[in-house]
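K.L.:
Pasting a structure here, questions to come.
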Amino acid sequence: MAREGPRGRGDAMSTASAATRAEICVVACAEAWRGDGEVLAAAMGTCSVLGARLARHTFEPGLLTTDGGALLTAEPVALGAPADAVEGWLPFREHLWLVQNGRRHVMMGASQIDRHGNTNISAIGEWARPKSQLLGVRGAPGNTIGNPTSYWIPRHSTRVFVPEVDMVSGVGFDRAAGLGPRASRFHGLRRVVTDLGVFDFGTPDGSMRLVSVHPGVEVERVVAATGFELVIEGEVPETRQPTEEESRLIREVLDPKALRDQEVRA
Amino acid sequence: MGAVMSIEEIVGSLDSGMTIGIGGWGSRRKPMALVRAICRSALTDLTVVSYGGPDVGLLCAAGKVRRVVAPFVTLDSIALEPHFRAARQSGAIEFTEYDEGMFMFGLLAGAHRLPFLPTRAGLGSDVMRVVPGLRTVRSPYEDGEELVAVPALTMDAALVHLDLADTRGNGRYLGPDPYMDDLFAKAAARCYLSCERMVEPGELGGPPQTLLVSRMHVTGVVETPDGGHFTGHGAGGERDEAFQRHYAASAADPEAWAAFADRFLSGDEAAYQEAVRRWHERDRVEGETR
């Protein structure tokens, strides 16, 4: 359901504190691509797609983004909108070659993730006869070994944040390290964004670290929703608010139907 | 050169135990008329090689499949394919699970008579654990890098669906994405091409780079109007989302599935198309009276 909050559009323009949790998440996703320059921002999931297009609209204008299909759009388009003007063609075969080429930073989803960032989108339970068959590994192995990779996880819980994933689809830091420096030189997990906070792997052994909690979220809640020990260093800051311009772009340009609120409820 | 054949002739030329490649991607431009015909046939024990969608699901539901070779099986707008899930969870099928890029390299190797192609994709992942016999290869140059040697994906037959074809078996696509259909055609010993509309040689029109499949790789061609239904096809690539939702909801429940199969899958392709037309008609009438 699209939410018509108590705040009117005028209020939202004037005060960033009016941002919804979904909007905080969109901006936190956008931040994943900061500094990337001229690469494909490949995104899966509503807030992630919005984040890629928002980053391109604002602080990272060199990014390339798609219409959700085979077309690279000349400008970032609204979620679900047709491509309009096009600047490039990226059918699946070219997209898969681009994964090998490397000019790409992907933000994927994960049904399970562990403390080193190994992820599973394939199957839950014993692989030979799974309790729950999911998508299959899709492009996760190639993405993670060849491109900078981030994750967007709309529902942070102990079902997703597990001590050990059942089938490693996306490669984490421990496994990449095990391959040696040459084979793993293109591997790099950047950040994990969830509905509760932002995480990275900036620790000596590549363990997941809590970077920030979203406004209104207690650190204890994040810890309770995580099935392994998070690295927490001192006072954990709050995830930043959208700027007025970012709020306007999200609400009026990129997601006027508020599809983001279907993915992250306030 | 491709001979003009009927759906039944094409399926009649296949044998149980074969490895069958299926073009398209997820729930997009799948040769569904041919898939439906296989479901009606006596064929069994097939290995299905596919960027999987409802093609894989329907064949699993019909008990035709011994093994699926795929990086995923999905309906795209509906993430999980219910029949494939059920088949995996009951242990009814075997599964060779590749990364999407590995799968493409397997097709490229198969299409170009190479035993394998090297890639980084797969290293460090559990694909290396669950695909028995998958090997790595070391670069013979000074870098010495270890890479996955993706074995050629070869097939006894490939089935692909294009928007237009001529009577010789040249095929053209109208949508935004060729998927891997030309690679399936080249990697398979035989390729059968179904098309939305068949024209005379020289009448395919369009920019030449949309001529995806050549008659030199095609054994048989058949016109199947709306044969890609309910997957996305045509210039706009639209999928019949309402019908796909009906398919997925029915597939999730044995009784509903029996009713679905009886209504849509018990007759030939013409009967299927007529049943879908009637379903939409009733759907529309109900929608108007609601």
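Ordering of the structure tokens sets the chain letters (A, B, ...), residue numbers begin anew at 1 in every chain, and ligands are numbered from 1 in the order given.
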Could you produce a table of the residues of chain B lying within 10 Å of chain A, with the nearest pair of atoms per residue and their separation in Å rounded to one decimal, using only C-alpha atoms, ordered by chain and increasing residue number, as a tab-separated table?
P.N.:
residue	atom	partner	partner_atom	distance
B:Trp25	CA	A:Phe92	CA	8.9
B:Tyr51	CA	A:Arg138	CA	9.3
B:Gly52	CA	A:Leu135	CA	9.8
B:Ala70	CA	A:Gly136	CA	8.0
B:Pro71	CA	A:Arg138	CA	4.9
B:Phe72	CA	A:Gly136	CA	4.3
B:Val73	CA	A:Leu135	CA	6.0
B:Thr74	CA	A:Leu135	CA	6.4
B:Leu75	CA	A:Leu135	CA	9.9
B:Ala79	CA	A:Leu135	CA	7.1
B:Leu80	CA	A:Leu135	CA	6.1
B:Glu81	CA	A:Leu135	CA	8.2
B:Pro82	CA	A:Gln133	CA	9.3
B:Phe84	CA	A:Gln133	CA	8.1
B:Arg85	CA	A:Gln133	CA	5.1
B:Ala86	CA	A:Gln133	CA	8.0
B:Ala87	CA	A:Gln133	CA	9.2
B:Arg88	CA	A:Arg129	CA	6.2
B:Gln89	CA	A:Pro130	CA	5.3
B:Ser90	CA	A:Arg129	CA	7.0
B:Gly91	CA	A:Arg129	CA	5.5
B:Ala92	CA	A:Arg129	CA	9.1
B:Ile93	CA	A:Arg129	CA	9.3
B:Glu94	CA	A:Ala128	CA	8.2
B:Phe95	CA	A:Ala128	CA	8.3
B:Glu97	CA	A:Gly136	CA	7.0
B:Tyr98	CA	A:Val137	CA	7.1
B:Asp99	CA	A:Gly139	CA	5.2
B:Glu100	CA	A:Gly139	CA	4.9
B:Gly101	CA	A:Leu96	CA	5.6
B:Met102	CA	A:Gly142	CA	8.0
B:Phe103	CA	A:Gly139	CA	9.8
B:Met104	CA	A:Arg93	CA	7.7
B:Phe105	CA	A:Leu96	CA	9.7
B:Thr119	CA	A:Gln100	CA	8.2
B:Arg120	CA	A:Ile145	CA	6.8
B:Ala121	CA	A:Gly142	CA	3.9
B:Gly122	CA	A:Pro141	CA	5.0
B:Leu123	CA	A:Ile145	CA	7.1
B:Gly124	CA	A:Arg175	CA	5.6
B:Ser125	CA	A:Val168	CA	5.3
B:Asp126	CA	A:Val168	CA	4.9
B:Val127	CA	A:Ser169	CA	7.4
B:Met128	CA	A:Val168	CA	9.8
B:Arg129	CA	A:Met167	CA	9.3
B:Val130	CA	A:Trp127	CA	7.8
B:Asp143	CA	A:Arg182	CA	8.5
B:Gly144	CA	A:Arg182	CA	9.1
B:Glu145	CA	A:Ala183	CA	6.6
B:Glu146	CA	A:Ala183	CA	6.9
B:Leu147	CA	A:Ala183	CA	7.9
B:Gly175	CA	A:Ala70	CA	9.7
B:Pro176	CA	A:Ala70	CA	6.2
B:Asp177	CA	A:Pro91	CA	5.1
B:Pro178	CA	A:Pro91	CA	7.1
B:Tyr179	CA	A:Phe92	CA	6.1
B:Met180	CA	A:Arg93	CA	7.0
K.L.:
If you count only C-alpha atoms, which residues fall within 9 Å of Asp67 (chain A), apart from same-chain ones fewer than 5 positions away, as JSON, numbers by chain?
P.N.:
{"A": [72, 73, 76, 77, 78, 79, 80, 81, 82, 83, 84]}
K.L.:
Could you turn the residues from that selection into a file that holds N, CA and C atoms, as a PDB file, in the first residue's frame?
P.N.:
ATOM      1  N   LEU A  72      20.078   0.658 -21.592  1.00  0.00           N
ATOM      2  CA  LEU A  72      20.733   1.654 -20.751  1.00  0.00           C
ATOM      3  C   LEU A  72      20.074   2.990 -21.066  1.00  0.00           C
ATOM      4  N   THR A  73      19.463   3.575 -20.062  1.00  0.00           N
ATOM      5  CA  THR A  73      18.669   4.779 -20.319  1.00  0.00           C
ATOM      6  C   THR A  73      19.556   6.026 -20.315  1.00  0.00           C
ATOM      7  N   PRO A  76      18.252   8.601 -15.724  1.00  0.00           N
ATOM      8  CA  PRO A  76      17.563   7.655 -14.832  1.00  0.00           C
ATOM      9  C   PRO A  76      16.052   7.828 -14.944  1.00  0.00           C
ATOM     10  N   VAL A  77      15.332   6.718 -15.085  1.00  0.00           N
ATOM     11  CA  VAL A  77      13.882   6.799 -15.265  1.00  0.00           C
ATOM     12  C   VAL A  77      13.165   6.345 -13.996  1.00  0.00           C
ATOM     13  N   ALA A  78      11.894   6.700 -13.906  1.00  0.00           N
ATOM     14  CA  ALA A  78      11.078   6.289 -12.759  1.00  0.00           C
ATOM     15  C   ALA A  78      10.935   4.773 -12.736  1.00  0.00           C
ATOM     16  N   LEU A  79      10.753   4.230 -11.544  1.00  0.00           N
ATOM     17  CA  LEU A  79      10.588   2.791 -11.369  1.00  0.00           C
ATOM     18  C   LEU A  79       9.410   2.298 -12.209  1.00  0.00           C
ATOM     19  N   GLY A  80       9.669   1.296 -13.060  1.00  0.00           N
ATOM     20  CA  GLY A  80       8.617   0.703 -13.872  1.00  0.00           C
ATOM     21  C   GLY A  80       8.269   1.488 -15.120  1.00  0.00           C
ATOM     22  N   ALA A  81       8.872   2.656 -15.297  1.00  0.00           N
ATOM     23  CA  ALA A  81       8.569   3.474 -16.475  1.00  0.00           C
ATOM     24  C   ALA A  81       9.316   2.936 -17.690  1.00  0.00           C
ATOM     25  N   PRO A  82       8.783   3.170 -18.903  1.00  0.00           N
ATOM     26  CA  PRO A  82       9.510   2.765 -20.107  1.00  0.00           C
ATOM     27  C   PRO A  82      10.819   3.534 -20.247  1.00  0.00           C
ATOM     28  N   ALA A  83      11.724   2.992 -21.062  1.00  0.00           N
ATOM     29  CA  ALA A  83      13.091   3.503 -21.109  1.00  0.00           C
ATOM     30  C   ALA A  83      13.182   4.937 -21.597  1.00  0.00           C
ATOM     31  N   ASP A  84      12.262   5.375 -22.462  1.00  0.00           N
ATOM     32  CA  ASP A  84      12.371   6.700 -23.087  1.00  0.00           C
ATOM     33  C   ASP A  84      13.680   6.743 -23.889  1.00  0.00           C
TER      34      ASP A  84
END
K.L.:
Write out as a ChimeraX atom specification each polymer residue whose atoms come within 9 Å of region 207-221 of chain A, counting only C-alpha atoms; drop sequence neighbours fewer than 3 positions from it.
P.N.:
/A:21,24-25,114-117,173-174,192,195-204,224-226,229-233,236-241
K.L.:
Store the residues of this selection in a file with C-alpha atoms, as a PDB file, in the first residue's frame.
P.N.:
ATOM      1  CA  ARG A  21      12.281   4.171   6.681  1.00  0.00           C
ATOM      2  CA  ILE A  24      16.364   6.160   4.482  1.00  0.00           C
ATOM      3  CA  CYS A  25      17.034   2.760   2.895  1.00  0.00           C
ATOM      4  CA  ASP A 114      26.879 -15.036   7.106  1.00  0.00           C
ATOM      5  CA  ARG A 115      29.428 -12.917   8.963  1.00  0.00           C
ATOM      6  CA  HIS A 116      31.965 -13.073   6.116  1.00  0.00           C
ATOM      7  CA  GLY A 117      29.365 -12.119   3.512  1.00  0.00           C
ATOM      8  CA  PHE A 173      35.663 -12.691   2.300  1.00  0.00           C
ATOM      9  CA  ASP A 174      36.873 -15.900   3.963  1.00  0.00           C
ATOM     10  CA  VAL A 192      25.075  -4.457   3.233  1.00  0.00           C
ATOM     11  CA  ASP A 195      15.741  -2.178   6.857  1.00  0.00           C
ATOM     12  CA  LEU A 196      17.559  -1.749  10.186  1.00  0.00           C
ATOM     13  CA  GLY A 197      21.010  -0.457   9.329  1.00  0.00           C
ATOM     14  CA  VAL A 198      24.150  -0.368   7.221  1.00  0.00           C
ATOM     15  CA  PHE A 199      27.049  -2.832   7.470  1.00  0.00           C
ATOM     16  CA  ASP A 200      30.457  -3.303   5.897  1.00  0.00           C
ATOM     17  CA  PHE A 201      33.389  -5.711   6.161  1.00  0.00           C
ATOM     18  CA  GLY A 202      36.080  -3.209   7.157  1.00  0.00           C
ATOM     19  CA  THR A 203      37.640  -5.484   9.756  1.00  0.00           C
ATOM     20  CA  PRO A 204      40.979  -7.321   9.716  1.00  0.00           C
ATOM     21  CA  ALA A 224      18.936  -9.520  18.301  1.00  0.00           C
ATOM     22  CA  ALA A 225      18.001  -9.836  14.623  1.00  0.00           C
ATOM     23  CA  THR A 226      21.470 -11.116  13.661  1.00  0.00           C
ATOM     24  CA  GLU A 229      28.363 -11.833  16.273  1.00  0.00           C
ATOM     25  CA  LEU A 230      28.554  -8.437  14.630  1.00  0.00           C
ATOM     26  CA  VAL A 231      31.615  -6.254  15.007  1.00  0.00           C
ATOM     27  CA  ILE A 232      30.475  -3.125  16.840  1.00  0.00           C
ATOM     28  CA  GLU A 233      33.031  -0.406  17.473  1.00  0.00           C
ATOM     29  CA  VAL A 236      27.203   3.536  16.382  1.00  0.00           C
ATOM     30  CA  PRO A 237      26.074   6.570  14.376  1.00  0.00           C
ATOM     31  CA  GLU A 238      22.699   7.017  12.731  1.00  0.00           C
ATOM     32  CA  THR A 239      22.292   6.478   9.001  1.00  0.00           C
ATOM     33  CA  ARG A 240      22.084   9.861   7.343  1.00  0.00           C
ATOM     34  CA  GLN A 241      18.803  11.479   6.353  1.00  0.00           C
TER      35      GLN A 241
END
K.L.:
Within 8 Å of Gly51 (chain A), counting only C-alpha atoms, which residues qualify if same-chain residues fewer than 5 places away don't, as a PyMOL selection string?
P.N.:
chain A and resi 26-31
K.L.:
Rounded to one decimal in Å, what is the spacing between CA of Cys195 (chain B) and CA of Ala258 (chain B)?
P.N.:
29.0 Å
K.L.:
Please list as a PDB file with N, CA and C atoms, in the first residue's frame every residue within 9 Å of Leu265 (chain B), counting only C-alpha atoms and excluding residues in the same chain fewer than 5 positions away.
P.N.:
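File result30.pdb, as written:
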ATOM      1  N   ARG B  36       4.601 -27.639 -24.568  1.00  0.00           N
ATOM      2  CA  ARG B  36       3.281 -28.244 -24.288  1.00  0.00           C
ATOM      3  C   ARG B  36       3.123 -29.570 -25.036  1.00  0.00           C
ATOM      4  N   CYS B  39       4.919 -32.270 -23.321  1.00  0.00           N
ATOM      5  CA  CYS B  39       4.135 -32.699 -22.151  1.00  0.00           C
ATOM      6  C   CYS B  39       3.042 -33.697 -22.545  1.00  0.00           C
ATOM      7  N   ARG B  40       2.494 -33.554 -23.738  1.00  0.00           N
ATOM      8  CA  ARG B  40       1.434 -34.466 -24.212  1.00  0.00           C
ATOM      9  C   ARG B  40       2.003 -35.773 -24.759  1.00  0.00           C
ATOM     10  N   PHE B 260      -6.467 -27.089 -13.818  1.00  0.00           N
ATOM     11  CA  PHE B 260      -5.745 -26.298 -14.821  1.00  0.00           C
ATOM     12  C   PHE B 260      -5.330 -27.191 -15.989  1.00  0.00           C
ATOM     13  N   ALA B 271      -6.371 -26.205 -29.161  1.00  0.00           N
ATOM     14  CA  ALA B 271      -7.289 -26.279 -28.021  1.00  0.00           C
ATOM     15  C   ALA B 271      -6.782 -25.413 -26.869  1.00  0.00           C
ATOM     16  N   TYR B 272      -5.469 -25.413 -26.669  1.00  0.00           N
ATOM     17  CA  TYR B 272      -4.875 -24.565 -25.626  1.00  0.00           C
ATOM     18  C   TYR B 272      -5.181 -23.098 -25.891  1.00  0.00           C
TER      19      TYR B 272
END
K.L.:
If you run DSSP on the backbone, which residues of region 44-245 of chain B are strand (DSSP E), as number ranges by chain?
P.N.:
B: 46-50, 65-70, 94-97, 116-119, 135-138, 146-151, 155-166, 171-172, 188-199, 211-213, 220-223
K.L.:
I need the residues of region 34-201 of chain A that end up classed as helix (DSSP H, G or I) by DSSP on the backbone, written out as number ranges by chain.
P.N.:
A: 46-57, 92-101, 140-146, 173-178
K.L.:
Any chance you can output those residues with N, CA and C atoms as a compact mmCIF listing (two decimals), in the first residue's frame?
P.N.:
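So part-v7.txt came out as:
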# COMPACT_ATOMS: atom_id res chain seq x y z
N THR A 46 13.53 -3.09 -5.00
CA THR A 46 13.00 -1.75 -5.22
C THR A 46 13.93 -0.66 -4.68
N CYS A 47 14.28 -0.73 -3.40
CA CYS A 47 15.09 0.34 -2.80
C CYS A 47 16.48 0.39 -3.42
N SER A 48 16.99 -0.76 -3.83
CA SER A 48 18.30 -0.83 -4.47
C SER A 48 18.26 -0.16 -5.85
N VAL A 49 17.24 -0.47 -6.64
CA VAL A 49 17.09 0.14 -7.97
C VAL A 49 16.93 1.65 -7.81
N LEU A 50 16.09 2.05 -6.85
CA LEU A 50 15.90 3.49 -6.61
C LEU A 50 17.20 4.14 -6.16
N GLY A 51 17.97 3.44 -5.33
CA GLY A 51 19.24 3.97 -4.85
C GLY A 51 20.22 4.21 -5.99
N ALA A 52 20.30 3.25 -6.91
CA ALA A 52 21.21 3.40 -8.06
C ALA A 52 20.83 4.64 -8.88
N ARG A 53 19.53 4.78 -9.13
CA ARG A 53 19.08 5.90 -9.97
C ARG A 53 19.22 7.23 -9.22
N LEU A 54 19.02 7.19 -7.90
CA LEU A 54 19.18 8.41 -7.10
C LEU A 54 20.65 8.84 -7.08
N ALA A 55 21.55 7.88 -6.91
CA ALA A 55 22.99 8.20 -6.91
C ALA A 55 23.38 8.85 -8.23
N ARG A 56 22.86 8.29 -9.32
CA ARG A 56 23.18 8.85 -10.65
C ARG A 56 22.60 10.26 -10.80
N HIS A 57 21.44 10.48 -10.21
CA HIS A 57 20.77 11.78 -10.29
C HIS A 57 21.51 12.85 -9.48
N PHE A 92 21.11 -9.71 -22.04
CA PHE A 92 21.71 -10.59 -21.03
C PHE A 92 23.12 -11.02 -21.41
N ARG A 93 23.35 -11.35 -22.69
CA ARG A 93 24.69 -11.83 -23.06
C ARG A 93 25.75 -10.74 -22.82
N GLU A 94 25.40 -9.50 -23.17
CA GLU A 94 26.35 -8.40 -22.96
C GLU A 94 26.52 -8.10 -21.47
N HIS A 95 25.42 -8.24 -20.73
CA HIS A 95 25.49 -8.04 -19.28
C HIS A 95 26.45 -9.07 -18.66
N LEU A 96 26.36 -10.31 -19.11
CA LEU A 96 27.24 -11.35 -18.56
C LEU A 96 28.69 -11.14 -18.96
N TRP A 97 28.91 -10.61 -20.16
CA TRP A 97 30.29 -10.24 -20.55
C TRP A 97 30.79 -9.09 -19.70
N LEU A 98 29.89 -8.15 -19.38
CA LEU A 98 30.30 -7.01 -18.56
C LEU A 98 30.71 -7.45 -17.15
N VAL A 99 30.07 -8.49 -16.65
CA VAL A 99 30.48 -9.05 -15.36
C VAL A 99 31.95 -9.46 -15.43
N GLN A 100 32.33 -10.07 -16.55
CA GLN A 100 33.73 -10.48 -16.74
C GLN A 100 34.63 -9.26 -16.92
N ASN A 101 34.11 -8.26 -17.63
CA ASN A 101 34.88 -7.06 -17.91
C ASN A 101 35.18 -6.26 -16.65
N ALA A 140 25.21 -14.95 -8.99
CA ALA A 140 25.91 -14.59 -7.76
C ALA A 140 27.38 -15.04 -7.72
N PRO A 141 27.71 -16.26 -8.15
CA PRO A 141 29.13 -16.63 -8.09
C PRO A 141 30.01 -15.72 -8.95
N GLY A 142 29.60 -15.47 -10.18
CA GLY A 142 30.38 -14.61 -11.07
C GLY A 142 30.41 -13.16 -10.61
N ASN A 143 29.26 -12.68 -10.14
CA ASN A 143 29.20 -11.31 -9.63
C ASN A 143 30.22 -11.08 -8.54
N THR A 144 30.23 -11.97 -7.56
CA THR A 144 31.04 -11.73 -6.37
C THR A 144 32.53 -11.93 -6.63
N ILE A 145 32.88 -12.83 -7.54
CA ILE A 145 34.31 -13.06 -7.80
C ILE A 145 34.86 -12.04 -8.80
N GLY A 146 33.94 -11.35 -9.50
CA GLY A 146 34.41 -10.45 -10.56
C GLY A 146 34.11 -8.98 -10.39
N PHE A 173 34.25 -13.03 2.17
CA PHE A 173 35.66 -12.69 2.30
C PHE A 173 36.53 -13.89 2.67
N ASP A 174 36.04 -14.77 3.54
CA ASP A 174 36.87 -15.90 3.96
C ASP A 174 37.16 -16.84 2.79
N ARG A 175 36.13 -17.11 2.00
CA ARG A 175 36.32 -18.00 0.85
C ARG A 175 37.18 -17.35 -0.23
N ALA A 176 36.98 -16.03 -0.44
CA ALA A 176 37.80 -15.33 -1.43
C ALA A 176 39.27 -15.38 -1.00
N ALA A 177 39.51 -15.16 0.31
CA ALA A 177 40.89 -15.19 0.81
C ALA A 177 41.50 -16.56 0.58
N GLY A 178 40.68 -17.59 0.72
CA GLY A 178 41.15 -18.96 0.53
C GLY A 178 41.58 -19.26 -0.90
K.L.:
Could you name the residues that touch Asp163 (chain B) at 6 Å or less, counting only C-alpha atoms, but leaving out those on the same chain fewer than 6 positions away, as a list in words?
P.N.:
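Close residues of Asp163 (chain B): Tyr173, Cys195, Glu196 and Gly234 of chain B.
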K.L.:
Please produce a file of those selected residues containing C-alpha atoms, as an mmCIF file, in the first residue's frame.
P.N.:
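Writing the result to selection_15.cif gives the following:
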data_model
loop_
_atom_site.group_PDB
_atom_site.id
_atom_site.type_symbol
_atom_site.label_atom_id
_atom_site.label_comp_id
_atom_site.auth_asym_id
_atom_site.auth_seq_id
_atom_site.Cartn_x
_atom_site.Cartn_y
_atom_site.Cartn_z
ATOM 1 C CA TYR B 173 13.588 -11.518 -33.071
ATOM 2 C CA CYS B 195 7.858 -18.778 -34.667
ATOM 3 C CA GLU B 196 4.900 -16.495 -34.116
ATOM 4 C CA GLY B 234 6.943 -9.910 -29.598
#
K.L.:
Could you pull the residues within 10 Å of Gly17 (chain B), counting only C-alpha atoms, minus those fewer than 2 positions along the same chain, as a PDB file with N, CA and C atoms, in the first residue's frame?
P.N.:
ATOM      1  N   LEU B  14      11.946 -36.505 -31.548  1.00  0.00           N
ATOM      2  CA  LEU B  14      12.754 -36.556 -30.325  1.00  0.00           C
ATOM      3  C   LEU B  14      12.625 -37.930 -29.668  1.00  0.00           C
ATOM      4  N   ASP B  15      13.618 -38.307 -28.873  1.00  0.00           N
ATOM      5  CA  ASP B  15      13.583 -39.595 -28.183  1.00  0.00           C
ATOM      6  C   ASP B  15      13.721 -39.417 -26.684  1.00  0.00           C
ATOM      7  N   THR B  19      19.069 -35.074 -24.365  1.00  0.00           N
ATOM      8  CA  THR B  19      19.361 -33.780 -23.753  1.00  0.00           C
ATOM      9  C   THR B  19      18.781 -32.701 -24.663  1.00  0.00           C
ATOM     10  N   ILE B  20      17.856 -31.933 -24.114  1.00  0.00           N
ATOM     11  CA  ILE B  20      17.115 -30.940 -24.900  1.00  0.00           C
ATOM     12  C   ILE B  20      17.411 -29.547 -24.359  1.00  0.00           C
ATOM     13  N   LEU B  43       7.366 -39.012 -24.440  1.00  0.00           N
ATOM     14  CA  LEU B  43       8.777 -38.803 -24.095  1.00  0.00           C
ATOM     15  C   LEU B  43       8.966 -38.798 -22.580  1.00  0.00           C
ATOM     16  N   THR B  44      10.142 -39.271 -22.152  1.00  0.00           N
ATOM     17  CA  THR B  44      10.443 -39.263 -20.733  1.00  0.00           C
ATOM     18  C   THR B  44      11.959 -39.242 -20.537  1.00  0.00           C
ATOM     19  N   ASP B  45      12.410 -39.038 -19.275  1.00  0.00           N
ATOM     20  CA  ASP B  45      13.823 -39.190 -18.945  1.00  0.00           C
ATOM     21  C   ASP B  45      14.699 -38.135 -19.638  1.00  0.00           C
ATOM     22  N   LEU B  46      14.175 -36.925 -19.824  1.00  0.00           N
ATOM     23  CA  LEU B  46      14.904 -35.886 -20.547  1.00  0.00           C
ATOM     24  C   LEU B  46      15.858 -35.137 -19.621  1.00  0.00           C
ATOM     25  N   THR B  47      16.991 -34.698 -20.187  1.00  0.00           N
ATOM     26  CA  THR B  47      17.833 -33.701 -19.533  1.00  0.00           C
ATOM     27  C   THR B  47      17.520 -32.363 -20.198  1.00  0.00           C
ATOM     28  N   LYS B  64       8.459 -35.419 -17.230  1.00  0.00           N
ATOM     29  CA  LYS B  64       9.316 -35.687 -18.392  1.00  0.00           C
ATOM     30  C   LYS B  64      10.801 -35.581 -18.093  1.00  0.00           C
ATOM     31  N   VAL B  65      11.139 -35.100 -16.907  1.00  0.00           N
ATOM     32  CA  VAL B  65      12.506 -34.642 -16.659  1.00  0.00           C
ATOM     33  C   VAL B  65      13.265 -35.579 -15.728  1.00  0.00           C
ATOM     34  N   ARG B  66      14.476 -35.940 -16.148  1.00  0.00           N
ATOM     35  CA  ARG B  66      15.397 -36.644 -15.253  1.00  0.00           C
ATOM     36  C   ARG B  66      16.343 -35.646 -14.597  1.00  0.00           C
ATOM     37  N   ARG B  67      16.849 -34.689 -15.402  1.00  0.00           N
ATOM     38  CA  ARG B  67      17.827 -33.735 -14.879  1.00  0.00           C
ATOM     39  C   ARG B  67      17.580 -32.361 -15.483  1.00  0.00           C
ATOM     40  N   ASP B 156      21.307 -32.852 -27.741  1.00  0.00           N
ATOM     41  CA  ASP B 156      20.797 -33.607 -28.892  1.00  0.00           C
ATOM     42  C   ASP B 156      19.905 -32.726 -29.748  1.00  0.00           C
TER      43      ASP B 156
END
K.L.:
Would you mind telling me which residue in B:Arg28, B:Arg135, B:Arg113, B:Arg282 lies nearest to Leu183 (chain B) when using only C-alpha atoms?
P.N.:
B:Arg113
K.L.:
What is the distance, in Å and to one decimal place, between CA of Gly63 (chain B) and CA of Ser266 (chain B)?
P.N.:
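Here the two named atoms are 15.0 Å from each other.
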K.L.:
How many Å lie between CA of Val276 (chain B) and CA of Ser27 (chain B), rounded to one decimal?
P.N.:
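That distance, rounded to one decimal, is 17.2 Å.
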